[in-house]
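For reference, my_file_32.pdb (PDB, C-alpha atoms):
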ATOM      1  CA  MET A  68      17.613  13.560   6.047
ATOM      2  CA  LYS A  69      15.399  13.571   9.159
ATOM      3  CA  SER A  70      12.295  14.234   7.059
ATOM      4  CA  TYR A  71      13.360  11.473   4.659
ATOM      5  CA  LYS A  72      13.694   8.942   7.499
ATOM      6  CA  PHE A  73      10.338   9.999   8.953
ATOM      7  CA  LEU A  74       8.669   9.506   5.576
ATOM      8  CA  ILE A  75      10.294   6.111   5.148
ATOM      9  CA  ILE A  76       8.914   5.056   8.548
ATOM     10  CA  LEU A  77       5.427   6.067   7.423
ATOM     11  CA  LEU A  78       5.801   4.165   4.167
ATOM     12  CA  THR A  79       7.047   1.100   6.055
ATOM     13  CA  LEU A  80       3.890   1.187   8.154
ATOM     14  CA  SER A  81       1.899   1.774   4.967
ATOM     15  CA  PHE A  82       3.127  -1.432   3.378
ATOM     16  CA  SER A  83       2.484  -3.272   6.652
ATOM     17  CA  GLN A  84      -1.150  -2.198   6.784
ATOM     18  CA  LEU A  85      -1.527  -3.027   3.113
ATOM     19  CA  ALA A  86      -0.263  -6.486   3.970
ATOM     20  CA  ILE A  87      -2.968  -6.851   6.637
ATOM     21  CA  GLY A  88      -5.607  -5.703   4.153
ATOM     22  CA  GLN A  89      -4.420  -8.162   1.533
ATOM     23  CA  LEU A  90      -5.178 -11.098   3.811
ATOM     24  CA  THR A  91      -8.905 -10.361   3.443
ATOM     25  CA  ASP A  92      -8.680  -9.813  -0.326
ATOM     26  CA  LEU A  93      -8.718 -13.023  -2.347
ATOM     27  CA  ALA A  94      -8.284 -11.107  -5.607
ATOM     28  CA  ARG A  95      -7.960  -7.498  -6.717
ATOM     29  CA  LEU A  96      -7.563  -5.543  -9.953
ATOM     30  CA  GLU A  97      -6.695  -1.838  -9.612
ATOM     31  CA  TYR A  98      -5.787   1.207 -11.681
ATOM     32  CA  SER A  99      -4.174   4.390 -10.293
ATOM     33  CA  PHE A 100      -3.443   7.598 -12.173
ATOM     34  CA  ILE A 101      -1.875  10.942 -11.262
ATOM     35  CA  PRO A 102      -2.076  13.435 -14.150
ATOM     36  CA  LYS A 103       0.249  16.408 -13.776
ATOM     37  CA  SER A 104      -1.867  19.380 -14.871
ATOM     38  CA  LYS A 105       1.036  21.862 -14.735
ATOM     39  CA  SER A 106       3.633  19.438 -16.048
ATOM     40  CA  SER A 107       4.138  16.976 -18.886
ATOM     41  CA  ASP A 108       4.841  14.120 -16.469
ATOM     42  CA  GLN A 109       2.276  11.451 -15.563
ATOM     43  CA  TYR A 110       2.180   8.505 -13.174
ATOM     44  CA  THR A 111       0.167   5.308 -13.765
ATOM     45  CA  ARG A 112       0.062   2.094 -11.747
ATOM     46  CA  LEU A 113      -1.589  -1.203 -12.649
ATOM     47  CA  ARG A 114      -2.026  -3.656  -9.796
ATOM     48  CA  ALA A 115      -3.211  -7.260  -9.558
ATOM     49  CA  LEU A 116      -3.141  -9.656  -6.630
ATOM     50  CA  VAL A 117      -4.457 -13.070  -5.719
ATOM     51  CA  ASN A 118      -4.443 -14.890  -2.378
ATOM     52  CA  TYR A 119      -5.329 -18.501  -1.641
ATOM     53  CA  PRO A 120      -6.237 -19.371   1.972
ATOM     54  CA  ILE A 121      -5.706 -22.947   3.175
ATOM     55  CA  GLU A 122      -7.818 -23.723   6.232
ATOM     56  CA  PHE A 123      -6.546 -25.851   9.096
ATOM     57  CA  LYS A 124      -8.249 -26.883  12.299
ATOM     58  CA  ASN A 125      -9.227 -24.412  15.044
ATOM     59  CA  ASP A 126      -9.884 -21.565  12.590
ATOM     60  CA  SER A 127      -6.259 -21.182  11.495
ATOM     61  CA  TYR A 128      -5.168 -20.404   7.931
ATOM     62  CA  LEU A 129      -2.087 -20.474   5.738
ATOM     63  CA  VAL A 130      -2.405 -17.789   3.077
ATOM     64  CA  ILE A 131      -0.269 -18.008  -0.057
ATOM     65  CA  GLY A 132      -0.483 -15.293  -2.664
ATOM     66  CA  ALA A 133       1.236 -13.008  -5.119
ATOM     67  CA  GLU A 134       0.930  -9.395  -6.195
ATOM     68  CA  TYR A 135       2.146  -7.595  -9.297
ATOM     69  CA  ASN A 136       2.468  -3.826  -9.712
ATOM     70  CA  ARG A 137       3.512  -2.188 -12.964
ATOM     71  CA  VAL A 138       4.430   1.461 -12.539
ATOM     72  CA  ILE A 139       4.517   3.549 -15.719
ATOM     73  CA  LEU A 140       6.334   6.882 -15.589
ATOM     74  CA  ASN A 141       5.559   9.136 -18.529
ATOM     75  CA  LEU A 142       8.298  11.725 -18.038
ATOM     76  CA  GLU A 143       8.055  14.373 -20.752
ATOM     77  CA  GLU A 144       9.838  17.206 -18.972
ATOM     78  CA  ASP A 145      13.348  18.151 -20.125
ATOM     79  CA  TYR A 146      15.584  16.207 -17.712
ATOM     80  CA  PRO A 147      19.423  16.023 -17.921
ATOM     81  CA  PHE A 148      19.476  12.214 -18.303
ATOM     82  CA  ASP A 149      17.962   9.339 -20.279
ATOM     83  CA  ASN A 150      14.693   8.599 -18.504
ATOM     84  CA  SER A 151      13.891   5.697 -20.845
ATOM     85  CA  LEU A 152      15.985   3.544 -18.475
ATOM     86  CA  PHE A 153      13.182   3.647 -15.891
ATOM     87  CA  GLU A 154      10.003   4.506 -17.787
ATOM     88  CA  SER A 155       8.406   1.339 -16.393
ATOM     89  CA  LEU A 156       9.017  -0.401 -13.048
ATOM     90  CA  ASN A 157       7.969  -3.850 -11.879
ATOM     91  CA  ILE A 158       7.149  -4.751  -8.270
ATOM     92  CA  ILE A 159       6.461  -8.440  -7.646
ATOM     93  CA  ASP A 160       5.532  -9.717  -4.185
ATOM     94  CA  LEU A 161       5.185 -13.229  -2.847
ATOM     95  CA  ASN A 162       2.840 -13.258   0.154
ATOM     96  CA  ILE A 163       3.149 -16.034   2.742
ATOM     97  CA  ALA A 164       1.107 -15.626   5.924
ATOM     98  CA  TYR A 165      -0.165 -17.744   8.773
ATOM     99  CA  THR A 166      -2.934 -16.695  11.163
ATOM    100  CA  PHE A 167      -4.538 -18.475  14.088
ATOM    101  CA  LYS A 168      -6.962 -17.790  16.927
ATOM    102  CA  THR A 169      -6.146 -18.082  20.608
ATOM    103  CA  SER A 170      -9.615 -17.100  21.856
ATOM    104  CA  GLU A 171     -12.961 -15.909  20.535
ATOM    105  CA  HIS A 172     -11.759 -12.372  19.810
ATOM    106  CA  TRP A 173      -7.961 -12.659  19.660
ATOM    107  CA  ARG A 174      -6.046 -13.711  16.572
ATOM    108  CA  TYR A 175      -2.322 -13.715  15.798
ATOM    109  CA  GLY A 176      -0.551 -13.621  12.467
ATOM    110  CA  ILE A 177       2.870 -13.652  10.865
ATOM    111  CA  LYS A 178       3.658 -12.544   7.324
ATOM    112  CA  PHE A 179       6.734 -13.039   5.136
ATOM    113  CA  ASN A 180       6.888 -10.943   2.004
ATOM    114  CA  PRO A 181       9.878 -11.344  -0.382
ATOM    115  CA  ARG A 182       9.801  -8.719  -3.142
ATOM    116  CA  ILE A 183      11.356  -7.984  -6.526
ATOM    117  CA  ALA A 184      11.307  -4.247  -7.247
ATOM    118  CA  SER A 185      13.217  -3.352 -10.379
ATOM    119  CA  THR A 186      13.217  -2.064 -13.937
ATOM    120  CA  LEU A 187      13.794  -5.707 -15.020
ATOM    121  CA  THR A 188      15.735  -4.668 -18.099
ATOM    122  CA  ASP A 189      18.254  -7.466 -17.375
ATOM    123  CA  LYS A 190      18.404 -10.647 -15.298
ATOM    124  CA  VAL A 191      17.300 -10.453 -11.672
ATOM    125  CA  THR A 192      20.158  -9.913  -9.213
ATOM    126  CA  GLY A 193      20.410  -9.560  -5.444
ATOM    127  CA  ASP A 194      20.010  -5.776  -5.767
ATOM    128  CA  ASP A 195      16.459  -6.330  -7.055
ATOM    129  CA  LEU A 196      15.401  -8.405  -4.030
ATOM    130  CA  PHE A 197      13.896  -7.023  -0.819
ATOM    131  CA  LEU A 198      12.582  -8.828   2.269
ATOM    132  CA  ASN A 199       9.596  -7.552   4.253
ATOM    133  CA  GLY A 200       7.495  -9.060   6.997
ATOM    134  CA  GLY A 201       5.697  -8.634  10.276
ATOM    135  CA  ILE A 202       4.131 -10.194  13.350
ATOM    136  CA  TYR A 203       0.641  -9.044  14.376
ATOM    137  CA  THR A 204      -1.948  -9.503  17.090
ATOM    138  CA  ILE A 205      -5.570  -8.705  16.249
ATOM    139  CA  ASN A 206      -8.422  -8.067  18.663
ATOM    140  CA  ASP A 207     -11.472  -8.289  16.401
ATOM    141  CA  ARG A 208     -14.856  -7.534  17.938
ATOM    142  CA  THR A 209     -16.550  -6.256  14.785
ATOM    143  CA  ASP A 210     -19.045  -9.158  14.916
ATOM    144  CA  ASP A 211     -19.425  -9.210  18.694
ATOM    145  CA  GLU A 212     -23.090  -8.484  19.432
ATOM    146  CA  SER A 213     -22.275  -7.913  23.102
ATOM    147  CA  ALA A 214     -19.909  -5.035  22.282
ATOM    148  CA  GLU A 215     -21.573  -1.625  22.588
ATOM    149  CA  LYS A 216     -19.362  -0.212  19.813
ATOM    150  CA  PRO A 217     -17.720  -2.972  17.729
ATOM    151  CA  TYR A 218     -14.057  -2.372  16.905
ATOM    152  CA  ARG A 219     -10.884  -3.976  15.556
ATOM    153  CA  LEU A 220      -7.413  -3.260  16.980
ATOM    154  CA  ILE A 221      -4.227  -4.466  15.275
ATOM    155  CA  LEU A 222      -0.836  -4.248  16.984
ATOM    156  CA  GLY A 223       2.396  -5.511  15.510
ATOM    157  CA  ILE A 224       6.086  -5.331  14.758
ATOM    158  CA  THR A 225       7.159  -4.922  11.135
ATOM    159  CA  TYR A 226      10.344  -4.913   9.096
ATOM    160  CA  ASN A 227      10.798  -3.461   5.615
ATOM    161  CA  SER A 228      14.201  -3.724   3.930
ATOM    162  CA  THR A 229      13.407  -0.863   1.532
ATOM    163  CA  ALA A 230      13.158   1.534   4.464
ATOM    164  CA  GLY A 231      16.879   1.865   5.107
ATOM    165  CA  ILE A 232      16.213   1.545   8.860
ATOM    166  CA  PRO A 233      17.937  -1.625  10.158
ATOM    167  CA  TYR A 234      15.513  -2.495  12.946
ATOM    168  CA  PRO A 235      11.829  -3.480  13.364
ATOM    169  CA  LEU A 236       9.173  -0.799  13.757
ATOM    170  CA  PRO A 237       5.926  -0.834  15.782
ATOM    171  CA  PHE A 238       2.572  -0.930  14.036
ATOM    172  CA  ILE A 239      -0.949   0.022  15.196
ATOM    173  CA  SER A 240      -4.326   0.294  13.472
ATOM    174  CA  TYR A 241      -7.772   0.927  14.992
ATOM    175  CA  TYR A 242     -11.236   0.573  13.405
ATOM    176  CA  ARG A 243     -14.610   1.245  14.984
ATOM    177  CA  ARG A 244     -18.181   0.970  13.690
ATOM    178  CA  VAL A 245     -19.869   3.803  15.594
ATOM    179  CA  ASN A 246     -23.464   3.048  14.541
ATOM    180  CA  ASP A 247     -25.466   1.873  11.531
ATOM    181  CA  TYR A 248     -24.364   4.902   9.502
ATOM    182  CA  TRP A 249     -20.811   5.795  10.560
ATOM    183  CA  SER A 250     -17.426   4.148  11.050
ATOM    184  CA  PHE A 251     -13.855   5.379  11.215
ATOM    185  CA  SER A 252     -10.397   3.921  10.789
ATOM    186  CA  ALA A 253      -7.234   5.471  12.248
ATOM    187  CA  GLY A 254      -3.857   4.288  11.031
ATOM    188  CA  VAL A 255      -1.342   4.212   8.199
ATOM    189  CA  PRO A 256      -1.447   4.191   5.183
ATOM    190  CA  LYS A 257      -5.066   5.260   5.298
ATOM    191  CA  SER A 258      -7.430   6.879   7.766
ATOM    192  CA  ASN A 259     -11.043   7.478   6.886
ATOM    193  CA  LEU A 260     -14.482   8.480   8.046
ATOM    194  CA  LYS A 261     -17.088   6.348   6.294
ATOM    195  CA  TYR A 262     -20.832   6.885   5.849
ATOM    196  CA  TYR A 263     -23.139   3.949   5.034
ATOM    197  CA  PHE A 264     -26.151   4.807   2.879
ATOM    198  CA  ASN A 265     -26.874   1.116   3.372
ATOM    199  CA  GLU A 266     -24.738  -2.034   3.554
ATOM    200  CA  GLN A 267     -24.310  -1.921  -0.232
ATOM    201  CA  ASN A 268     -23.357   1.743  -0.786
ATOM    202  CA  MET A 269     -20.689   3.601   1.210
ATOM    203  CA  ALA A 270     -18.957   6.975   0.880
ATOM    204  CA  GLN A 271     -15.934   8.213   2.774
ATOM    205  CA  VAL A 272     -13.512  11.040   3.399
ATOM    206  CA  PHE A 273      -9.931   9.773   3.538
ATOM    207  CA  VAL A 274      -6.272  10.687   3.862
ATOM    208  CA  GLY A 275      -3.613   8.210   2.828
ATOM    209  CA  LEU A 276      -0.060   7.410   1.818
ATOM    210  CA  ASP A 277       1.326   5.478  -1.123
ATOM    211  CA  GLY A 278       4.763   4.859  -2.541
ATOM    212  CA  TYR A 279       7.486   2.497  -3.705
ATOM    213  CA  MET A 280      11.232   2.047  -4.081
ATOM    214  CA  ALA A 281      12.836   0.130  -6.960
ATOM    215  CA  ASN A 282      16.295  -0.782  -8.219
ATOM    216  CA  LEU A 283      17.603   0.531 -11.540
ATOM    217  CA  GLN A 284      19.344  -2.427 -13.200
ATOM    218  CA  ARG A 285      21.146  -0.038 -15.510
ATOM    219  CA  PRO A 286      22.445   2.804 -13.310
ATOM    220  CA  LEU A 287      22.620   6.238 -14.879
ATOM    221  CA  ASP A 288      24.811   9.261 -14.357
ATOM    222  CA  VAL A 289      23.074  12.419 -13.177
ATOM    223  CA  ASN A 290      25.171  15.542 -12.715
ATOM    224  CA  GLY A 291      28.273  13.441 -12.103
ATOM    225  CA  GLU A 292      26.628  11.084  -9.562
ATOM    226  CA  GLN A 293      25.501   7.507 -10.103
ATOM    227  CA  VAL A 294      21.797   6.759  -9.613
ATOM    228  CA  ASP A 295      20.862   3.215  -8.512
ATOM    229  CA  HIS A 296      17.321   3.555  -7.116
ATOM    230  CA  ILE A 297      14.101   5.457  -7.688
ATOM    231  CA  SER A 298      11.505   6.108  -4.984
ATOM    232  CA  MET A 299       8.111   7.749  -4.915
ATOM    233  CA  SER A 300       6.029   8.934  -1.965
ATOM    234  CA  VAL A 301       2.521  10.376  -2.135
ATOM    235  CA  ALA A 302       0.236  11.811   0.526
ATOM    236  CA  VAL A 303      -3.317  12.270  -0.733
ATOM    237  CA  ALA A 304      -6.675  13.438   0.641
ATOM    238  CA  GLY A 305     -10.063  13.041  -0.990
ATOM    239  CA  LEU A 306     -13.382  11.253  -1.297
ATOM    240  CA  GLY A 307     -14.141   7.606  -1.947
ATOM    241  CA  TYR A 308     -17.108   5.443  -2.893
ATOM    242  CA  GLU A 309     -17.621   1.690  -2.551
ATOM    243  CA  TYR A 310     -20.401  -0.387  -4.080
ATOM    244  CA  CYS A 311     -20.903  -3.980  -2.939
ATOM    245  CA  ILE A 312     -22.007  -5.866  -6.041
ATOM    246  CA  THR A 313     -22.344  -8.993  -3.890
ATOM    247  CA  ASP A 314     -21.351  -9.842  -0.331
ATOM    248  CA  HIS A 315     -17.807 -10.510  -1.562
ATOM    249  CA  ILE A 316     -17.315  -8.422  -4.730
ATOM    250  CA  VAL A 317     -16.691  -4.680  -4.261
ATOM    251  CA  LEU A 318     -16.276  -1.906  -6.825
ATOM    252  CA  TYR A 319     -14.432   1.154  -5.489
ATOM    253  CA  VAL A 320     -13.389   4.605  -6.664
ATOM    254  CA  TYR A 321     -11.159   7.081  -4.797
ATOM    255  CA  SER A 322     -10.490  10.581  -6.039
ATOM    256  CA  GLY A 323      -8.509  13.336  -4.392
ATOM    257  CA  TYR A 324      -5.580  15.708  -4.510
ATOM    258  CA  THR A 325      -1.972  15.041  -3.589
ATOM    259  CA  VAL A 326      -0.782  17.178  -0.690
ATOM    260  CA  ARG A 327       2.737  15.793  -1.031
ATOM    261  CA  PHE A 328       4.329  14.218  -4.109
ATOM    262  CA  LYS A 329       8.000  13.202  -4.229
ATOM    263  CA  ASN A 330       9.675  11.227  -7.015
ATOM    264  CA  ILE A 331      13.395  10.963  -6.264
ATOM    265  CA  LEU A 332      16.447   9.374  -7.882
ATOM    266  CA  ARG A 333      18.836   7.959  -5.266
ATOM    267  CA  ASN A 334      22.357   6.533  -5.129
ATOM    268  CA  ASN A 335      23.336   3.132  -3.748
ATOM    269  CA  ASP A 336      23.242   4.530  -0.185
ATOM    270  CA  ARG A 337      19.700   5.798  -0.930
ATOM    271  CA  ASP A 338      20.746   9.410  -0.587
ATOM    272  CA  GLU A 339      18.886  11.889  -2.799
ATOM    273  CA  VAL A 340      20.643  12.694  -6.094
ATOM    274  CA  PHE A 341      17.878  14.285  -8.183
ATOM    275  CA  GLN A 342      14.239  15.170  -7.566
ATOM    276  CA  LEU A 343      11.799  14.796 -10.432
ATOM    277  CA  ASP A 344       8.798  17.083 -10.898
ATOM    278  CA  ASP A 345       7.031  17.406  -7.522
ATOM    279  CA  LEU A 346       3.978  19.490  -8.439
ATOM    280  CA  ASN A 347       0.825  18.352  -6.643
ATOM    281  CA  SER A 348      -2.058  17.152  -8.769
ATOM    282  CA  TYR A 349      -5.316  15.203  -8.870
ATOM    283  CA  TYR A 350      -5.369  11.541  -7.912
ATOM    284  CA  LEU A 351      -7.590   8.680  -9.102
ATOM    285  CA  ARG A 352      -7.684   5.070  -7.940
ATOM    286  CA  THR A 353     -10.337   2.577  -8.947
ATOM    287  CA  GLY A 354     -10.692  -1.170  -8.982
ATOM    288  CA  LEU A 355     -12.579  -4.334  -8.262
ATOM    289  CA  LYS A 356     -11.850  -6.699  -5.375
ATOM    290  CA  PHE A 357     -13.078 -10.089  -4.223
ATOM    291  CA  LYS A 358     -12.883 -10.232  -0.422
ATOM    292  CA  ILE A 359     -13.643 -12.673   2.360
TER
END
How would this structure read if it were set down as structure tokens?
Amino acid sequence: MKSYKFLIILLTLSFSQLAIGQLTDLARLEYSFIPKSKSSDQYTRLRALVNYPIEFKNDSYLVIGAEYNRVILNLEEDYPFDNSLFESLNIIDLNIAYTFKTSEHWRYGIKFNPRIASTLTDKVTGDDLFLNGGIYTINDRTDDESAEKPYRLILGITYNSTAGIPYPLPFISYYRRVNDYWSFSAGVPKSNLKYYFNEQNMAQVFVGLDGYMANLQRPLDVNGEQVDHISMSVAVAGLGYEYCITDHIVLYVYSGYTVRFKNILRNNDRDEVFQLDDLNSYYLRTGLKFKI
């Protein structure tokens, strides 16, 4: 249980940092795939998001957007239940954010993120709805020519209702451009060390987290216990490549190996009932994004 709560905290911070990243992405299309080489199970995720910034005076913005994730679970192992009830999951987010500057290098932001995470086999109910959000302060000196080593520091307080922890959690992320060739980012869900061949081609070594939790609209019985939720958590390490087609359009590919993979069926209290195949495997994520 302690390890479960620790992992949930990490995933909560993961979704928070993803939320920060989304504010700079006006649109994104992404494909993720985890083939299970020693198992018949496979995991696929299709992701699309769009954000629309509305500019106000004094460099402040209201950002309204939406994101859709379709998770496809190809479970071919011999399990003691009907896995067709959750062979595909739908995660739909509404993103509402407001950000404003208080000085040349300091910016504040607040984000509200209602979510539907469900099998969507029936009508949406309250069990399918989750509320996430956060408050952030950002010290951005990445474009400050007077700074010897430009950096960006993000501090915040976040809340994620899928975490099962009924109180806000702290958040921190730090990025620094060391010189013309190197930069690093330390935080959750991703930390990396990036090398710039030039401003158009970049390679990196990374470690990262990914995951989800969704409601099963049609609960199933597993070994005499009722299952109401499914969750997945992945820790992955690998190499990545980014190619800037234009100043705002980026093609990216990340490939690696999962060092932790957990797909778990849970009851209504989110306690573990059954663990699906947890063999580590290769990981692929690729996509195209349009950023500010």
Q: Apply the PyMOL selection byres ((chain A and resi 96-101) around 8) to the displayed file and report the matching residues as a list of chain:residue names.
A: A:Ala94, A:Arg95, A:Pro102, A:Lys103, A:Gln109, A:Tyr110, A:Thr111, A:Arg112, A:Leu113, A:Arg114, A:Ala115, A:Leu116, A:Ser348, A:Tyr349, A:Tyr350, A:Leu351, A:Arg352, A:Thr353, A:Gly354, A:Leu355, A:Lys356
Q. For A:Glu144, which residue out of A:Ser228, A:Ser107, A:Ser240, A:Asn282 is the nearest one, using all atoms listed in the file?
A.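 Closest candidate: A:Ser107.
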Q. Pick the closest to A:Gly307 from A:Gly132, A:Pro237, A:Pro286, A:Gly275: which is it, counting only C-alpha atoms?
A. A:Gly275
Identify all residues satisfying the PyMOL selection byres ((chain A and resi 347) around 7) in the given file; provide them as an mmCIF file with C-alpha atoms, keeping the file's coordinate frame.
data_model
loop_
_atom_site.group_PDB
_atom_site.id
_atom_site.type_symbol
_atom_site.label_atom_id
_atom_site.label_comp_id
_atom_site.auth_asym_id
_atom_site.auth_seq_id
_atom_site.Cartn_x
_atom_site.Cartn_y
_atom_site.Cartn_z
ATOM 1 C CA THR A 325 -1.972 15.041 -3.589
ATOM 2 C CA VAL A 326 -0.782 17.178 -0.690
ATOM 3 C CA ARG A 327 2.737 15.793 -1.031
ATOM 4 C CA PHE A 328 4.329 14.218 -4.109
ATOM 5 C CA ASP A 345 7.031 17.406 -7.522
ATOM 6 C CA LEU A 346 3.978 19.490 -8.439
ATOM 7 C CA SER A 348 -2.058 17.152 -8.769
#
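For the atom pair formed by atom CA of A:Ile183 and atom CA of A:Ser151, the distance is 20.0 Å, given to one decimal.
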Q | Best match for closeness to A:Ala281 among A:Val340, A:Ile359, A:Val294, A:Val245, counting only C-alpha atoms | A |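 Comparing A:Val340, A:Ile359, A:Val294, A:Val245 against A:Ala281, the winner is A:Val294.
Of note, atom CA of A:Phe273 and atom CA of A:Ser250 are spaced 12.0 Å apart.
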Q | One-decimal distance in Å that lies between atom CA of A:Gly305 and atom CA of A:Asp207 | A |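 Answer for the atom CA of A:Asp207 to atom CA of A:Gly305 separation: 27.6 Å.
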Compile the contact shell of A:Met280 as an mmCIF file with C-alpha atoms, in the frame of the given file: residues with an atom at most 9 Å away, counting all atoms listed in the file, same-chain residues fewer than 6 positions apart removed.
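So the final result, stored in around_23.cif, reads:
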data_model
loop_
_atom_site.group_PDB
_atom_site.id
_atom_site.type_symbol
_atom_site.label_atom_id
_atom_site.label_comp_id
_atom_site.auth_asym_id
_atom_site.auth_seq_id
_atom_site.Cartn_x
_atom_site.Cartn_y
_atom_site.Cartn_z
ATOM 1 C CA ILE A 158 7.149 -4.751 -8.270
ATOM 2 C CA ALA A 184 11.307 -4.247 -7.247
ATOM 3 C CA SER A 185 13.217 -3.352 -10.379
ATOM 4 C CA THR A 229 13.407 -0.863 1.532
ATOM 5 C CA ALA A 230 13.158 1.534 4.464
ATOM 6 C CA HIS A 296 17.321 3.555 -7.116
ATOM 7 C CA ILE A 297 14.101 5.457 -7.688
ATOM 8 C CA SER A 298 11.505 6.108 -4.984
ATOM 9 C CA MET A 299 8.111 7.749 -4.915
ATOM 10 C CA SER A 300 6.029 8.934 -1.965
#
(Q) Here's the selection I'm unsure about, the PyMOL selection byres ((chain A and resi 196) around 12); applied to the file above, which residues does it give, as a ChimeraX atom specification? (A) /A:157-161,180-187,190-195,197-199,227-229,280-284
I need the chosen residues saved as a PDB file, keeping the file's coordinate frame, with C-alpha atoms.
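New file result_33.pdb:
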ATOM      1  CA  ASN A 157       7.969  -3.850 -11.879  1.00  0.00           C
ATOM      2  CA  ILE A 158       7.149  -4.751  -8.270  1.00  0.00           C
ATOM      3  CA  ILE A 159       6.461  -8.440  -7.646  1.00  0.00           C
ATOM      4  CA  ASP A 160       5.532  -9.717  -4.185  1.00  0.00           C
ATOM      5  CA  LEU A 161       5.185 -13.229  -2.847  1.00  0.00           C
ATOM      6  CA  ASN A 180       6.888 -10.943   2.004  1.00  0.00           C
ATOM      7  CA  PRO A 181       9.878 -11.344  -0.382  1.00  0.00           C
ATOM      8  CA  ARG A 182       9.801  -8.719  -3.142  1.00  0.00           C
ATOM      9  CA  ILE A 183      11.356  -7.984  -6.526  1.00  0.00           C
ATOM     10  CA  ALA A 184      11.307  -4.247  -7.247  1.00  0.00           C
ATOM     11  CA  SER A 185      13.217  -3.352 -10.379  1.00  0.00           C
ATOM     12  CA  THR A 186      13.217  -2.064 -13.937  1.00  0.00           C
ATOM     13  CA  LEU A 187      13.794  -5.707 -15.020  1.00  0.00           C
ATOM     14  CA  LYS A 190      18.404 -10.647 -15.298  1.00  0.00           C
ATOM     15  CA  VAL A 191      17.300 -10.453 -11.672  1.00  0.00           C
ATOM     16  CA  THR A 192      20.158  -9.913  -9.213  1.00  0.00           C
ATOM     17  CA  GLY A 193      20.410  -9.560  -5.444  1.00  0.00           C
ATOM     18  CA  ASP A 194      20.010  -5.776  -5.767  1.00  0.00           C
ATOM     19  CA  ASP A 195      16.459  -6.330  -7.055  1.00  0.00           C
ATOM     20  CA  PHE A 197      13.896  -7.023  -0.819  1.00  0.00           C
ATOM     21  CA  LEU A 198      12.582  -8.828   2.269  1.00  0.00           C
ATOM     22  CA  ASN A 199       9.596  -7.552   4.253  1.00  0.00           C
ATOM     23  CA  ASN A 227      10.798  -3.461   5.615  1.00  0.00           C
ATOM     24  CA  SER A 228      14.201  -3.724   3.930  1.00  0.00           C
ATOM     25  CA  THR A 229      13.407  -0.863   1.532  1.00  0.00           C
ATOM     26  CA  MET A 280      11.232   2.047  -4.081  1.00  0.00           C
ATOM     27  CA  ALA A 281      12.836   0.130  -6.960  1.00  0.00           C
ATOM     28  CA  ASN A 282      16.295  -0.782  -8.219  1.00  0.00           C
ATOM     29  CA  LEU A 283      17.603   0.531 -11.540  1.00  0.00           C
ATOM     30  CA  GLN A 284      19.344  -2.427 -13.200  1.00  0.00           C
TER      31      GLN A 284
END
